[in-house]
Amino acid sequence: METKVNSNAKRTVIKISLVAVISLLLLIPLAMIKGVIEDREQTKDSVTVEVANSYAKPQTVSAPYLVSYVVETKTVDKKIEPNGKQTNVKDYVFYCSQVDYTADVETDMLHRSIYDVIVYNSKIQISGKLPITEKSIIARDNKFRFKLTDIKGFCNPSQLTFGGQSFELRRQSEEFVADVVFPQGAKAGDIIDFAFTFHLKGTESLFFNPSKDGNTTVAISSSYPHPSFQGAMLPNTRDVKDDGFNATWSVSSFNSSSYDDMGVKFVDPANPYQQSMRSAKYGMLIIILVFVAGLLVEFLTRKEINPIQYAVIGLSLVLFYSLLVAFSELMTFGLAYIIAALMTTGALMFYFRAILMSRSAYVLGGFVAIVYALNYMLLQMETYALLAGSVVLFLLLCIVMYLTANMNNNNELVKTE
């Protein structure tokens with residue numbers, strides 16, 4: 001009888017080893033599924049670029065500045081110039097001492113094939129202060145300039161108010177320019193106030209550059225409830241609610257050169273690819289849990305599950321993620337998850353029933369459903385996912401320890417008989 005016990009122990013070790021090897025082999029199709037998710041996300045990104053090229057690209061608004069074109073004369077050899085003087089026009093760039101951006105943003109969702117792309121139409125006001133320099137006073141021309149990432153999104157500009165006078169903004173190459181004149185009696189050291197508004201279209205994100213030599217403030221408000229504040233500096237204040245958000249930034253002249261752009265990206269919280277990829281990262285854990293449950297059922301019921309059948313079970317668990325991605329492209333992620341989980345759990349329950357020919361098949365199928373429910377719960381708990389997952393794994397380990405605690409006693413019983 002001792003030989004029989006040793007034989008059973010060897011068979012158990014071999015079975016566990018085979019199941020472990022099958023688990024490792026399933027990493028291959030699981031990696032392929034992750035590749036499919038990444039490929040679909042890249043396709044979605046390509047569609048976003050196509051929409052942006054047609055509508056308007058993600059926008060970055062640069063701080064205005066003044067260019068003064070000064071006529072300068074210098075003495076040269078009369079062989080070069082008969083009168084001994086050469087005249088050149090040199091341009092000098094002067095930055096604002098204060099720039100204030102205010103943006104009111106309304107978002108919309110454009111549909112291309114099965115993909116959704118977030119676009120926006122914003123009303124932007126730019127105001128500030130610009131110091132007058134001696135070069136600007138004697139300049140032949142003074143041009144007020146500012147840039148955008150994609151001028152295609154620029155529309156409905158107001159007149160530029162500059163020192164109490166109005167000037168027209170016009171497009172020049174990739175910039176917008178206004179030929180400005182200082183108020184009568186202006187002198188070096190005076191400060192000029194300016195302001196103008198316009199509408200700006202764009203895709204997914206809106207950013208602003210600070211003035212290089214001055215203070216900068218940015219205030220963005222929108223009815224979109226899912227902002228992602230990005231850039232070199234996060235907002236000083238923010239208020240995000242279900243009906244929208246308000247955020248403000250402030251950069252002083254002491255460190256304005258240290259910062260690049262600042263602004264917001266309008267995030268799609270229902271992005272199926274990010275959530276599917278997060279779910280797939282738990283794929284091997286789910287496979288191991290189901291395999292351990294299968295081995296426990298074998299031990300408790302004395303019903304055998306063939307290694308090939310374990311491979312089929314594992315492939316079914318991997319196929320779940322393909323179903324999840326396919327359905328989530330057409331509906332909300334939550335509904336897609338429920339449908340994919342029900343299909344996988346139902347198929348496995350019938351398969352367990354055919355293998356075990358007992359009610360324990362429904363227990364094992366119910367365990368698969370519980371595992372998928374716990375996985376979905378972890379997906380919703382971004383901040384505490386690790387803590388919750390660790391606690392769940394610990395509880396499952398305690399259950400396994402309890403169910404396997406009498407394994408040696410059973411072997412001794414067989415040996416005595």
# chains A, B, ... in the order shown; residues from 1 in each chain; ligands from 1
call {"tool": "residues_around", "arguments": {"residues": "His111 in chain A", "least_positions_apart": "3", "cutoff": "10 Å", "atoms": "only C-alpha atoms", "output": "list of chain:residue names"}}
result
A:Val47, A:Thr48, A:Val51, A:Asp108, A:Ile114, A:Tyr115, A:Asp116, A:Val117, A:Ile118
call {"tool": "write_last_selection", "arguments": {"atoms": "C-alpha atoms", "output": "mmCIF file, in the first residue's frame"}}
result
data_model
loop_
_atom_site.group_PDB
_atom_site.id
_atom_site.type_symbol
_atom_site.label_atom_id
_atom_site.label_comp_id
_atom_site.auth_asym_id
_atom_site.auth_seq_id
_atom_site.Cartn_x
_atom_site.Cartn_y
_atom_site.Cartn_z
ATOM 1 C CA VAL A 47 -7.264 57.974 -36.637
ATOM 2 C CA THR A 48 -6.791 60.766 -34.074
ATOM 3 C CA VAL A 51 -8.954 63.905 -37.518
ATOM 4 C CA ASP A 108 -17.110 67.596 -28.612
ATOM 5 C CA ILE A 114 -15.496 52.809 -34.667
ATOM 6 C CA TYR A 115 -13.246 55.364 -32.973
ATOM 7 C CA ASP A 116 -14.040 58.512 -30.995
ATOM 8 C CA VAL A 117 -11.795 61.582 -30.989
ATOM 9 C CA ILE A 118 -12.110 64.483 -28.533
#
call {"tool": "residues_around", "arguments": {"residues": "range 337-341 of chain A", "least_positions_apart": "2", "cutoff": "12 Å", "atoms": "only C-alpha atoms", "output": "PyMOL selection string"}}
result
chain A and resi 272+275-276+279-280+316-335+343-349+365-366+368-377+379
call {"tool": "atom_distance", "arguments": {"atom1": "CA of Met262 in chain A", "atom2": "CA of Ile191 in chain A"}}
result
26.2 Å
call {"tool": "select_by_dssp", "arguments": {"residues": "range 229-317 of chain A", "states": "strand (DSSP E)", "output": "PyMOL selection string"}}
result
chain A and resi 229-231+237-241+244-251+262-266
call {"tool": "write_last_selection", "arguments": {"atoms": "C-alpha atoms", "output": "mmCIF file, in the first residue's frame"}}
result
data_model
loop_
_atom_site.group_PDB
_atom_site.id
_atom_site.type_symbol
_atom_site.label_atom_id
_atom_site.label_comp_id
_atom_site.auth_asym_id
_atom_site.auth_seq_id
_atom_site.Cartn_x
_atom_site.Cartn_y
_atom_site.Cartn_z
ATOM 1 C CA PHE A 229 -3.199 68.616 -16.216
ATOM 2 C CA GLN A 230 0.180 68.308 -17.873
ATOM 3 C CA GLY A 231 3.246 70.293 -18.827
ATOM 4 C CA THR A 237 -5.468 75.795 -8.064
ATOM 5 C CA ARG A 238 -7.878 73.295 -9.559
ATOM 6 C CA ASP A 239 -11.523 72.398 -9.077
ATOM 7 C CA VAL A 240 -12.687 69.269 -10.910
ATOM 8 C CA LYS A 241 -16.345 68.295 -10.679
ATOM 9 C CA GLY A 244 -16.492 70.424 -15.542
ATOM 10 C CA PHE A 245 -13.329 71.963 -14.145
ATOM 11 C CA ASN A 246 -11.502 75.206 -13.454
ATOM 12 C CA ALA A 247 -7.728 75.462 -13.185
ATOM 13 C CA THR A 248 -5.250 78.322 -12.826
ATOM 14 C CA TRP A 249 -1.489 78.572 -13.229
ATOM 15 C CA SER A 250 0.867 81.356 -12.168
ATOM 16 C CA VAL A 251 4.526 81.739 -13.172
ATOM 17 C CA MET A 262 1.409 74.253 -19.255
ATOM 18 C CA GLY A 263 -2.149 73.193 -19.911
ATOM 19 C CA VAL A 264 -4.636 70.357 -20.094
ATOM 20 C CA LYS A 265 -5.264 67.183 -22.029
ATOM 21 C CA PHE A 266 -8.865 66.080 -22.383
#
call {"tool": "residues_around", "arguments": {"residues": "Glu298 in chain A", "least_positions_apart": "6", "cutoff": "10 Å", "atoms": "only C-alpha atoms", "output": "PyMOL selection string"}}
result
chain A and resi 292+304-305+356+360
call {"tool": "select_by_dssp", "arguments": {"residues": "range 230-324 of chain A", "states": "alpha helix (DSSP H)", "output": "PDB file with C-alpha atoms, in the first residue's frame"}}
result
ATOM      1  CA  PRO A 272     -10.913  50.642 -23.997  1.00  0.00           C
ATOM      2  CA  TYR A 273      -7.280  49.937 -24.801  1.00  0.00           C
ATOM      3  CA  GLN A 274      -5.796  51.261 -21.581  1.00  0.00           C
ATOM      4  CA  GLN A 275      -8.367  49.386 -19.505  1.00  0.00           C
ATOM      5  CA  SER A 276      -8.019  46.211 -21.587  1.00  0.00           C
ATOM      6  CA  MET A 277      -4.240  46.327 -21.205  1.00  0.00           C
ATOM      7  CA  ARG A 278      -4.569  46.793 -17.450  1.00  0.00           C
ATOM      8  CA  SER A 279      -6.919  43.820 -17.356  1.00  0.00           C
ATOM      9  CA  ALA A 280      -4.548  41.699 -19.467  1.00  0.00           C
ATOM     10  CA  GLY A 283      -4.139  37.522 -17.111  1.00  0.00           C
ATOM     11  CA  MET A 284      -1.467  35.162 -15.786  1.00  0.00           C
ATOM     12  CA  LEU A 285      -2.719  35.639 -12.231  1.00  0.00           C
ATOM     13  CA  ILE A 286      -6.238  34.619 -13.279  1.00  0.00           C
ATOM     14  CA  ILE A 287      -4.912  31.569 -15.137  1.00  0.00           C
ATOM     15  CA  ILE A 288      -2.915  30.451 -12.087  1.00  0.00           C
ATOM     16  CA  LEU A 289      -5.892  30.943  -9.746  1.00  0.00           C
ATOM     17  CA  VAL A 290      -8.208  28.911 -11.987  1.00  0.00           C
ATOM     18  CA  PHE A 291      -5.589  26.167 -12.405  1.00  0.00           C
ATOM     19  CA  VAL A 292      -5.056  25.983  -8.639  1.00  0.00           C
ATOM     20  CA  ALA A 293      -8.827  25.760  -8.175  1.00  0.00           C
ATOM     21  CA  GLY A 294      -8.908  22.937 -10.735  1.00  0.00           C
ATOM     22  CA  LEU A 295      -6.179  21.038  -8.889  1.00  0.00           C
ATOM     23  CA  LEU A 296      -8.051  21.464  -5.607  1.00  0.00           C
ATOM     24  CA  VAL A 297     -11.238  20.132  -7.188  1.00  0.00           C
ATOM     25  CA  GLU A 298      -9.256  17.134  -8.419  1.00  0.00           C
ATOM     26  CA  PHE A 299      -7.899  16.539  -4.924  1.00  0.00           C
ATOM     27  CA  LEU A 300     -11.248  16.930  -3.168  1.00  0.00           C
ATOM     28  CA  THR A 301     -13.444  15.014  -5.629  1.00  0.00           C
ATOM     29  CA  PRO A 307      -3.347  18.289 -18.917  1.00  0.00           C
ATOM     30  CA  ILE A 308      -4.710  18.876 -22.417  1.00  0.00           C
ATOM     31  CA  GLN A 309      -7.952  20.014 -20.827  1.00  0.00           C
ATOM     32  CA  TYR A 310      -5.982  22.433 -18.645  1.00  0.00           C
ATOM     33  CA  ALA A 311      -4.463  23.843 -21.846  1.00  0.00           C
ATOM     34  CA  VAL A 312      -7.954  24.309 -23.335  1.00  0.00           C
ATOM     35  CA  ILE A 313      -9.113  26.021 -20.131  1.00  0.00           C
ATOM     36  CA  GLY A 314      -6.087  28.325 -20.242  1.00  0.00           C
ATOM     37  CA  LEU A 315      -6.670  29.246 -23.890  1.00  0.00           C
ATOM     38  CA  SER A 316     -10.287  30.081 -23.044  1.00  0.00           C
ATOM     39  CA  LEU A 317      -9.086  32.421 -20.304  1.00  0.00           C
ATOM     40  CA  VAL A 318      -6.680  34.091 -22.744  1.00  0.00           C
ATOM     41  CA  LEU A 319      -9.380  34.440 -25.428  1.00  0.00           C
ATOM     42  CA  PHE A 320     -11.406  36.454 -22.894  1.00  0.00           C
ATOM     43  CA  TYR A 321      -9.112  39.461 -23.503  1.00  0.00           C
ATOM     44  CA  SER A 322      -9.590  39.289 -27.259  1.00  0.00           C
ATOM     45  CA  LEU A 323     -13.359  39.309 -26.728  1.00  0.00           C
ATOM     46  CA  LEU A 324     -12.984  42.196 -24.268  1.00  0.00           C
TER      47      LEU A 324
END
call {"tool": "residues_around", "arguments": {"residues": "Ser223 in chain A", "least_positions_apart": "2", "cutoff": "8 Å", "atoms": "only C-alpha atoms", "output": "PyMOL selection string"}}
result
chain A and resi 105-107+221+225+243-245
call {"tool": "atom_distance", "arguments": {"atom1": "CA of Pro183 in chain A", "atom2": "CA of Val61 in chain A"}}
result
27.3 Å
call {"tool": "residues_around", "arguments": {"residues": "Phe167 in chain A", "least_positions_apart": "3", "cutoff": "7 Å", "atoms": "only C-alpha atoms", "output": "PyMOL selection string"}}
result
chain A and resi 159-161+178+180
call {"tool": "write_last_selection", "arguments": {"atoms": "all heavy atoms", "output": "short mmCIF file (atom, residue, chain, number, x, y, z; two decimals), in the first residue's frame"}}
result
data_model
loop_
_atom_site.label_atom_id
_atom_site.label_comp_id
_atom_site.auth_asym_id
_atom_site.auth_seq_id
_atom_site.Cartn_x
_atom_site.Cartn_y
_atom_site.Cartn_z
N GLN A 159 -10.12 92.84 -32.73
CA GLN A 159 -9.02 93.78 -32.97
C GLN A 159 -8.11 93.79 -31.76
O GLN A 159 -8.55 93.59 -30.61
CB GLN A 159 -9.60 95.17 -33.21
CG GLN A 159 -10.39 95.30 -34.49
CD GLN A 159 -9.68 96.19 -35.51
OE1 GLN A 159 -9.20 97.26 -35.19
NE2 GLN A 159 -9.64 95.73 -36.76
N LEU A 160 -6.84 93.97 -32.02
CA LEU A 160 -5.87 94.08 -30.94
C LEU A 160 -5.97 95.48 -30.33
O LEU A 160 -5.83 96.49 -31.04
CB LEU A 160 -4.46 93.84 -31.47
CG LEU A 160 -3.30 94.21 -30.53
CD1 LEU A 160 -3.27 93.30 -29.30
CD2 LEU A 160 -1.96 94.16 -31.27
N THR A 161 -6.21 95.52 -29.06
CA THR A 161 -6.17 96.79 -28.33
C THR A 161 -4.76 96.96 -27.76
O THR A 161 -4.31 96.16 -26.94
CB THR A 161 -7.20 96.81 -27.19
OG1 THR A 161 -8.51 96.61 -27.74
CG2 THR A 161 -7.16 98.14 -26.45
N ALA A 178 0.42 92.19 -35.99
CA ALA A 178 -0.27 93.49 -36.03
C ALA A 178 0.79 94.59 -36.06
O ALA A 178 1.73 94.58 -35.24
CB ALA A 178 -1.18 93.67 -34.84
N VAL A 180 1.82 97.91 -35.00
CA VAL A 180 1.35 98.76 -33.91
C VAL A 180 2.12 100.08 -33.89
O VAL A 180 3.26 100.19 -34.35
CB VAL A 180 1.51 98.05 -32.54
CG1 VAL A 180 0.60 96.82 -32.49
CG2 VAL A 180 2.95 97.66 -32.28
#
call {"tool": "decode", "arguments": {"residues": "range 192-221 of chain A", "atoms": "N, CA and C atoms", "output": "tab-separated table (two decimals), in the first residue's frame"}}
result
chain	number	residue	atom	x	y	z
A	192	ILE	N	2.85	99.50	-21.89
A	192	ILE	CA	1.69	99.45	-22.79
A	192	ILE	C	0.80	98.27	-22.40
A	193	ASP	N	-0.48	98.53	-22.24
A	193	ASP	CA	-1.46	97.46	-22.01
A	193	ASP	C	-1.98	96.97	-23.36
A	194	PHE	N	-2.18	95.67	-23.48
A	194	PHE	CA	-2.74	95.11	-24.72
A	194	PHE	C	-3.75	94.02	-24.37
A	195	ALA	N	-4.64	93.75	-25.30
A	195	ALA	CA	-5.63	92.68	-25.11
A	195	ALA	C	-6.25	92.35	-26.45
A	196	PHE	N	-6.61	91.08	-26.64
A	196	PHE	CA	-7.36	90.64	-27.82
A	196	PHE	C	-7.96	89.27	-27.52
A	197	THR	N	-8.97	88.91	-28.27
A	197	THR	CA	-9.63	87.62	-28.11
A	197	THR	C	-9.73	86.93	-29.47
A	198	PHE	N	-9.91	85.62	-29.42
A	198	PHE	CA	-10.12	84.84	-30.64
A	198	PHE	C	-10.67	83.48	-30.26
A	199	HIS	N	-11.18	82.77	-31.23
A	199	HIS	CA	-11.63	81.40	-31.03
A	199	HIS	C	-10.57	80.45	-31.59
A	200	LEU	N	-10.40	79.34	-30.89
A	200	LEU	CA	-9.35	78.40	-31.29
A	200	LEU	C	-9.89	76.98	-31.22
A	201	LYS	N	-9.78	76.28	-32.34
A	201	LYS	CA	-10.16	74.87	-32.39
A	201	LYS	C	-8.91	74.00	-32.24
A	202	GLY	N	-9.10	72.80	-31.71
A	202	GLY	CA	-7.98	71.89	-31.55
A	202	GLY	C	-8.46	70.49	-31.21
A	203	THR	N	-7.51	69.59	-31.05
A	203	THR	CA	-7.80	68.19	-30.76
A	203	THR	C	-7.08	67.76	-29.49
A	204	GLU	N	-7.83	67.30	-28.53
A	204	GLU	CA	-7.36	66.59	-27.33
A	204	GLU	C	-6.61	67.42	-26.30
A	205	SER	N	-5.82	68.42	-26.68
A	205	SER	CA	-5.05	69.14	-25.66
A	205	SER	C	-4.90	70.61	-26.02
A	206	LEU	N	-4.75	71.44	-24.96
A	206	LEU	CA	-4.56	72.88	-25.11
A	206	LEU	C	-3.51	73.33	-24.10
A	207	PHE	N	-2.44	73.93	-24.61
A	207	PHE	CA	-1.33	74.36	-23.76
A	207	PHE	C	-0.98	75.83	-24.04
A	208	PHE	N	-0.29	76.45	-23.07
A	208	PHE	CA	0.13	77.84	-23.17
A	208	PHE	C	1.59	77.96	-22.76
A	209	ASN	N	2.31	78.81	-23.47
A	209	ASN	CA	3.70	79.10	-23.13
A	209	ASN	C	3.78	80.36	-22.29
A	210	PRO	N	4.63	80.39	-21.25
A	210	PRO	CA	4.79	81.61	-20.47
A	210	PRO	C	5.67	82.62	-21.19
A	211	SER	N	5.55	83.88	-20.78
A	211	SER	CA	6.44	84.91	-21.29
A	211	SER	C	7.86	84.63	-20.80
A	212	LYS	N	8.84	84.86	-21.65
A	212	LYS	CA	10.21	84.53	-21.29
A	212	LYS	C	10.81	85.49	-20.27
A	213	ASP	N	10.28	86.70	-20.21
A	213	ASP	CA	10.88	87.69	-19.31
A	213	ASP	C	9.86	88.31	-18.36
A	214	GLY	N	8.72	87.63	-18.13
A	214	GLY	CA	7.71	88.27	-17.30
A	214	GLY	C	6.86	87.28	-16.54
A	215	ASN	N	5.86	87.82	-15.87
A	215	ASN	CA	4.90	87.01	-15.13
A	215	ASN	C	3.84	86.47	-16.09
A	216	THR	N	3.34	85.29	-15.80
A	216	THR	CA	2.32	84.67	-16.65
A	216	THR	C	1.26	84.03	-15.79
A	217	THR	N	0.00	84.23	-16.14
A	217	THR	CA	-1.11	83.52	-15.51
A	217	THR	C	-1.94	82.83	-16.59
A	218	VAL	N	-2.47	81.69	-16.24
A	218	VAL	CA	-3.33	80.92	-17.15
A	218	VAL	C	-4.56	80.50	-16.38
A	219	ALA	N	-5.73	80.70	-16.96
A	219	ALA	CA	-6.99	80.26	-16.36
A	219	ALA	C	-7.79	79.52	-17.42
A	220	ILE	N	-8.06	78.25	-17.17
A	220	ILE	CA	-8.80	77.42	-18.12
A	220	ILE	C	-10.05	76.89	-17.42
A	221	SER	N	-11.19	77.02	-18.08
A	221	SER	CA	-12.44	76.46	-17.57
A	221	SER	C	-13.11	75.67	-18.69
